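Participant: Got a structure for you, questions after.
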Amino acid sequence: MLAFTNTLAGKKEKFTPIHKNKVGMYNCGPTVYDYAHIGNLRSYVFADILRRTLELNNLEVTQVINITDIGHLSSDQDEGEDKMTKGLRREGKPITLEAMKELADFYTEKFKLDLERLNIKSPHHLPKASEHLGEEIELIKKLDEKGFVYSIANDGLYFDTSRDPQYPRLTKKVEWDIAGTRVPQNHKKKNPIDFALWKFNPSLGLESPWGKGFPGWHIECSAMSMKYLGETFDIHTGGIDHIPVHHNNEIAQSENATGKPYVHYWIHHAFVNIENGKMAKSEGTVLTLNSLIEKNIDPLVYRYWLLTAHYKTQVNFTWETLQATENAYNKLKEHLESFGTEKGKVHLDYSKRFQEFINDDLDTPRAIALMWELIKDGKISTQDKKSTLLEFDKVLGLGLDKILKLEVPAEIQNLVNEREKARENKNWKGSDTIRLQVENLGFEINDTDKGPKITKKS
């Protein structure tokens with residue numbers, strides 16, 4: 001049975017798609033004003049495992065990850081400076097729409113590179129908020145016609161939550177009130193929990209029927225998700241921080257605009273903390289994927305580390321734990337390489353157990369443990385182990401298909417030999433220079449107690 005923890009129901013539920021054998025899934029994407037930090041990236045590793053699990057169950061998935069390039073203020077409660085403007089100020093760029101687009105395009109490409117490095121499948125749609133202004137305006141008009149919208153002069157258009165007796169759907173009202181006390185409240189609102197649909201900005205804004213400005217962050221997600229997946233779709237994901245405000249607001253505006261249920265399954269992952277504190281750009285406590293790469297750590301080591309914990313479990317990042325994970329990942333690669341190149345059969349019992357574990361609310365820790373149980377099982381041939389591990393990896397996405405023994409070009413082998421001589425002579429600078437040459441040619445050197453192992457770059 002395929003089952004996930006549904007925040008909307010408050011419990012684990014059997015998954016049943018709306019349309020037979022097809023699934024629509026929306027994953028809250030990044031606001032592209034800076035590099036994504038490794039805590040942000042847990043969202044997309046988690047979503048990728050979810051997609052691969054659905055596909056394992058022969059479901060055809062349409063995946064949407066949005067790009068927020070306008071309209072996201074520094075507080076989820078629609079207060080503070082626009083994040084894109086903040087990014088322009090940080091980089092000393094002019095505060096113009098043109099510069100904002102340049103900034104967004106740059107960090108969108110960096111985000112896509114991060115997805116590639118983490119072996120995350122490309123979404124079927126990667127829509128930008130700035131390119132869906134028409135859909136956002138039409139959605140606000142629908143809400144206005146139904147009496148859910150009011151205007152605050154020199155501020156913006158707001159959704160009147162008092163008109164929705166079911167607000168908020170995902171949390172108790174007291175939980176929202178606690179979250180809402182974290183920032184100063186806008187006392188011009190009818191209710192403290194009302195949220196922005198359109199923010200006025202006559203000096204830097206987009207044209208609308210109500211004057212220049214920007215759509216609210218929440219309305220963007222509703223407009224883009226429904227454009228690509230329909231007014232009702234299967235799955236919406238994000239971090240637990242999105243539950244009390246952003247996702248409650250999405251539900252309220254979407255369901256009141258269409259008169260239909262918005263999403264059937266809401267699935268949320270826990271935080272990645274660092275040094276016992278939340279990883280957040282606003283607090284300067286961030287590590288990017290480049291932070292790992294600078295220490296010669298393969299991004300797939302980070303993916304492996306995330307999978308050793310359940311997505312609902314808060315994890316604490318330390319360099320020591322990542323080092324231990326790197327050792328385990330390298331041992332996994334060594335085992336796979338030692339199994340040779342001959343193909344075997346997928347072991348049906350292990351394959352069945354793997355699917356049972358991963359179908360049970362994406363239990364990746366048990367799936368990882370099963371992988372090591374298989375490696376140590378002396379009753380199974382190395383050929384069958386290899387084939388079964390590669391079958392597991394269609395879901396785990398650890399890049400095992402890329403680390404089998406490969407034909408190393410003579411040019412690369414000669415460089416590796418030169419590097420070994422440099423290391424013997426303790427010429428560390430020369431050794432590092434050769435390593436970079438090898439990486440620029442598309443290969444990587446992993447030093448082991450059995451000598452250097454050469455693999456294709458992820």
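Residues in the structure tokens are numbered from 1 in each chain, the chains being A, B, ... in the order shown, and ligands are numbered from 1 in the order shown.
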Using DSSP assignments from the backbone, pull out every residue in region 237-439 of chain A that falls under strand (DSSP E or B) and give it to me as a ChimeraX atom specification.
Facilitator: /A:237-239,263-269,272-274,277-278,288,315-317,360
Participant: Selection from above, C-alpha atoms, as a PDB file, in the first residue's frame, can you write it?
Facilitator:
ATOM      1  CA  THR A 237       4.677  19.794  -0.744  1.00  0.00           C
ATOM      2  CA  GLY A 238       6.911  22.196   1.166  1.00  0.00           C
ATOM      3  CA  GLY A 239       8.683  22.737   4.454  1.00  0.00           C
ATOM      4  CA  VAL A 263      -5.269  19.781  -2.966  1.00  0.00           C
ATOM      5  CA  HIS A 264      -5.958  16.269  -1.660  1.00  0.00           C
ATOM      6  CA  TYR A 265      -2.578  15.529   0.003  1.00  0.00           C
ATOM      7  CA  TRP A 266      -0.374  18.100   1.726  1.00  0.00           C
ATOM      8  CA  ILE A 267       3.035  16.605   2.597  1.00  0.00           C
ATOM      9  CA  HIS A 268       5.608  18.591   4.601  1.00  0.00           C
ATOM     10  CA  HIS A 269       9.238  17.954   5.524  1.00  0.00           C
ATOM     11  CA  VAL A 272      17.782  21.023   8.507  1.00  0.00           C
ATOM     12  CA  ASN A 273      19.404  22.768  11.471  1.00  0.00           C
ATOM     13  CA  ILE A 274      23.014  23.836  11.892  1.00  0.00           C
ATOM     14  CA  GLY A 277      19.841  26.477  15.253  1.00  0.00           C
ATOM     15  CA  LYS A 278      17.634  26.954  12.216  1.00  0.00           C
ATOM     16  CA  THR A 288      25.290  26.254   0.144  1.00  0.00           C
ATOM     17  CA  VAL A 315      18.135  16.835  11.294  1.00  0.00           C
ATOM     18  CA  ASN A 316      21.204  18.624  12.649  1.00  0.00           C
ATOM     19  CA  PHE A 317      23.975  19.209  10.155  1.00  0.00           C
ATOM     20  CA  ASP A 360       5.320   3.351   3.701  1.00  0.00           C
TER      21      ASP A 360
END
Participant: Taking the chain letters and numbering used in this document, name the residues of region 396-431 of chain A that DSSP puts in alpha helix (DSSP H), as a list in words.
Facilitator: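 Answer for region 396-431 of chain A restricted to alpha helix (DSSP H) is Leu396, Ala410, Glu411, Ile412, Gln413, Asn414, Leu415, Val416, Asn417, Glu418, Arg419, Glu420, Lys421, Ala422, Arg423, Glu424, Trp428, Lys429, Gly430 and Ser431 of chain A.
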Participant: Counting only C-alpha atoms, what is within 7 Å of Ala367 (chain A), bar same-chain residues fewer than 3 positions away, as JSON, numbers by chain?
Facilitator: {"A": [354, 357, 358, 363, 364, 370, 371]}
Participant: So that I can see what lies close to Pro127 (chain A), please list as a short mmCIF file (atom, residue, chain, number, x, y, z; two decimals) with N, CA and C atoms, in the first residue's frame the residues with an atom at most 7 Å from it, counting only C-alpha atoms and leaving out residues fewer than 2 positions away in the same chain.
Facilitator:
data_model
loop_
_atom_site.label_atom_id
_atom_site.label_comp_id
_atom_site.auth_asym_id
_atom_site.auth_seq_id
_atom_site.Cartn_x
_atom_site.Cartn_y
_atom_site.Cartn_z
N ASN A 66 7.78 25.91 -8.82
CA ASN A 66 7.68 27.31 -9.25
C ASN A 66 8.96 28.08 -8.94
N ILE A 67 9.14 29.16 -9.65
CA ILE A 67 10.22 30.11 -9.39
C ILE A 67 9.59 31.43 -8.97
N HIS A 125 7.47 21.27 -15.34
CA HIS A 125 7.22 22.71 -15.50
C HIS A 125 7.99 23.46 -14.42
N ALA A 129 6.87 33.37 -11.55
CA ALA A 129 5.74 34.19 -11.14
C ALA A 129 5.56 35.41 -12.05
#
Participant: List the spatial neighbours of region 21-35 of chain A as number ranges by chain - criterion: any atom at most 7 Å away, only C-alpha atoms, same-chain residues fewer than 6 positions off excluded.
Facilitator: A: 47, 58-69, 83-84, 87, 103-104, 107-108, 110, 225, 229, 233-238, 288
Participant: Keeping only N, CA and C atoms, write the selected residues as a PDB file, in the first residue's frame.
Facilitator:
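So result13.pdb came out as:
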ATOM      1  N   ALA A  47      11.111  15.975  -2.538  1.00  0.00           N
ATOM      2  CA  ALA A  47      10.143  15.928  -3.634  1.00  0.00           C
ATOM      3  C   ALA A  47      10.575  14.942  -4.710  1.00  0.00           C
ATOM      4  N   ASN A  58       4.189   2.842 -10.893  1.00  0.00           N
ATOM      5  CA  ASN A  58       3.601   2.929 -12.238  1.00  0.00           C
ATOM      6  C   ASN A  58       2.593   4.064 -12.384  1.00  0.00           C
ATOM      7  N   LEU A  59       2.858   5.163 -11.684  1.00  0.00           N
ATOM      8  CA  LEU A  59       2.017   6.353 -11.805  1.00  0.00           C
ATOM      9  C   LEU A  59       2.731   7.388 -12.674  1.00  0.00           C
ATOM     10  N   GLU A  60       2.007   8.010 -13.564  1.00  0.00           N
ATOM     11  CA  GLU A  60       2.565   9.040 -14.437  1.00  0.00           C
ATOM     12  C   GLU A  60       2.464  10.383 -13.723  1.00  0.00           C
ATOM     13  N   VAL A  61       3.607  10.966 -13.411  1.00  0.00           N
ATOM     14  CA  VAL A  61       3.650  12.183 -12.595  1.00  0.00           C
ATOM     15  C   VAL A  61       3.862  13.419 -13.471  1.00  0.00           C
ATOM     16  N   THR A  62       3.088  14.467 -13.181  1.00  0.00           N
ATOM     17  CA  THR A  62       3.370  15.794 -13.723  1.00  0.00           C
ATOM     18  C   THR A  62       3.817  16.657 -12.550  1.00  0.00           C
ATOM     19  N   GLN A  63       5.084  17.060 -12.571  1.00  0.00           N
ATOM     20  CA  GLN A  63       5.681  17.791 -11.448  1.00  0.00           C
ATOM     21  C   GLN A  63       5.903  19.252 -11.815  1.00  0.00           C
ATOM     22  N   VAL A  64       5.491  20.140 -10.913  1.00  0.00           N
ATOM     23  CA  VAL A  64       5.680  21.581 -11.084  1.00  0.00           C
ATOM     24  C   VAL A  64       6.473  22.117  -9.902  1.00  0.00           C
ATOM     25  N   ILE A  65       7.570  22.803 -10.178  1.00  0.00           N
ATOM     26  CA  ILE A  65       8.312  23.560  -9.156  1.00  0.00           C
ATOM     27  C   ILE A  65       8.319  25.007  -9.622  1.00  0.00           C
ATOM     28  N   ASN A  66       7.777  25.911  -8.821  1.00  0.00           N
ATOM     29  CA  ASN A  66       7.684  27.305  -9.250  1.00  0.00           C
ATOM     30  C   ASN A  66       8.958  28.084  -8.941  1.00  0.00           C
ATOM     31  N   ILE A  67       9.144  29.161  -9.652  1.00  0.00           N
ATOM     32  CA  ILE A  67      10.220  30.114  -9.386  1.00  0.00           C
ATOM     33  C   ILE A  67       9.587  31.430  -8.967  1.00  0.00           C
ATOM     34  N   THR A  68       9.852  31.862  -7.742  1.00  0.00           N
ATOM     35  CA  THR A  68       9.350  33.155  -7.264  1.00  0.00           C
ATOM     36  C   THR A  68      10.398  34.222  -7.564  1.00  0.00           C
ATOM     37  N   ASP A  69      10.104  35.067  -8.547  1.00  0.00           N
ATOM     38  CA  ASP A  69      11.050  36.128  -8.933  1.00  0.00           C
ATOM     39  C   ASP A  69      10.486  37.520  -8.708  1.00  0.00           C
ATOM     40  N   LYS A  83      11.995  40.487  -1.145  1.00  0.00           N
ATOM     41  CA  LYS A  83      13.259  39.740  -1.141  1.00  0.00           C
ATOM     42  C   LYS A  83      14.095  40.010  -2.387  1.00  0.00           C
ATOM     43  N   MET A  84      13.449  40.186  -3.536  1.00  0.00           N
ATOM     44  CA  MET A  84      14.205  40.472  -4.753  1.00  0.00           C
ATOM     45  C   MET A  84      14.890  41.835  -4.652  1.00  0.00           C
ATOM     46  N   GLY A  87      17.879  41.485  -2.557  1.00  0.00           N
ATOM     47  CA  GLY A  87      18.982  40.914  -3.315  1.00  0.00           C
ATOM     48  C   GLY A  87      19.693  41.951  -4.167  1.00  0.00           C
ATOM     49  N   LEU A 103      18.920  39.471 -11.962  1.00  0.00           N
ATOM     50  CA  LEU A 103      19.214  38.783 -10.696  1.00  0.00           C
ATOM     51  C   LEU A 103      18.488  37.449 -10.642  1.00  0.00           C
ATOM     52  N   ALA A 104      17.203  37.476 -11.002  1.00  0.00           N
ATOM     53  CA  ALA A 104      16.393  36.251 -10.953  1.00  0.00           C
ATOM     54  C   ALA A 104      16.903  35.209 -11.933  1.00  0.00           C
ATOM     55  N   TYR A 107      20.173  33.530 -10.501  1.00  0.00           N
ATOM     56  CA  TYR A 107      20.003  32.577  -9.399  1.00  0.00           C
ATOM     57  C   TYR A 107      19.080  31.411  -9.775  1.00  0.00           C
ATOM     58  N   THR A 108      18.239  31.594 -10.787  1.00  0.00           N
ATOM     59  CA  THR A 108      17.460  30.466 -11.300  1.00  0.00           C
ATOM     60  C   THR A 108      18.389  29.425 -11.910  1.00  0.00           C
ATOM     61  N   LYS A 110      21.524  28.979 -11.152  1.00  0.00           N
ATOM     62  CA  LYS A 110      22.286  28.352 -10.060  1.00  0.00           C
ATOM     63  C   LYS A 110      21.433  27.300  -9.349  1.00  0.00           C
ATOM     64  N   SER A 225       0.044  26.831  -9.848  1.00  0.00           N
ATOM     65  CA  SER A 225      -0.267  25.411  -9.641  1.00  0.00           C
ATOM     66  C   SER A 225      -1.526  25.028 -10.405  1.00  0.00           C
ATOM     67  N   LEU A 229      -1.853  22.209 -13.285  1.00  0.00           N
ATOM     68  CA  LEU A 229      -2.363  20.952 -12.716  1.00  0.00           C
ATOM     69  C   LEU A 229      -3.875  20.906 -12.581  1.00  0.00           C
ATOM     70  N   PHE A 233      -5.883  19.201  -7.554  1.00  0.00           N
ATOM     71  CA  PHE A 233      -4.829  18.252  -7.921  1.00  0.00           C
ATOM     72  C   PHE A 233      -4.405  17.430  -6.705  1.00  0.00           C
ATOM     73  N   ASP A 234      -3.471  16.517  -6.928  1.00  0.00           N
ATOM     74  CA  ASP A 234      -3.201  15.468  -5.928  1.00  0.00           C
ATOM     75  C   ASP A 234      -2.343  15.888  -4.750  1.00  0.00           C
ATOM     76  N   ILE A 235      -1.127  16.415  -5.039  1.00  0.00           N
ATOM     77  CA  ILE A 235      -0.114  16.578  -3.983  1.00  0.00           C
ATOM     78  C   ILE A 235       0.501  17.969  -4.023  1.00  0.00           C
ATOM     79  N   HIS A 236       0.672  18.547  -2.852  1.00  0.00           N
ATOM     80  CA  HIS A 236       1.393  19.823  -2.686  1.00  0.00           C
ATOM     81  C   HIS A 236       2.392  19.612  -1.554  1.00  0.00           C
ATOM     82  N   THR A 237       3.656  19.985  -1.777  1.00  0.00           N
ATOM     83  CA  THR A 237       4.677  19.794  -0.744  1.00  0.00           C
ATOM     84  C   THR A 237       5.350  21.111  -0.370  1.00  0.00           C
ATOM     85  N   GLY A 238       6.122  21.054   0.705  1.00  0.00           N
ATOM     86  CA  GLY A 238       6.911  22.196   1.166  1.00  0.00           C
ATOM     87  C   GLY A 238       7.446  21.910   2.554  1.00  0.00           C
ATOM     88  N   THR A 288      25.794  26.595   1.467  1.00  0.00           N
ATOM     89  CA  THR A 288      25.290  26.254   0.144  1.00  0.00           C
ATOM     90  C   THR A 288      25.939  24.953  -0.317  1.00  0.00           C
TER      91      THR A 288
END
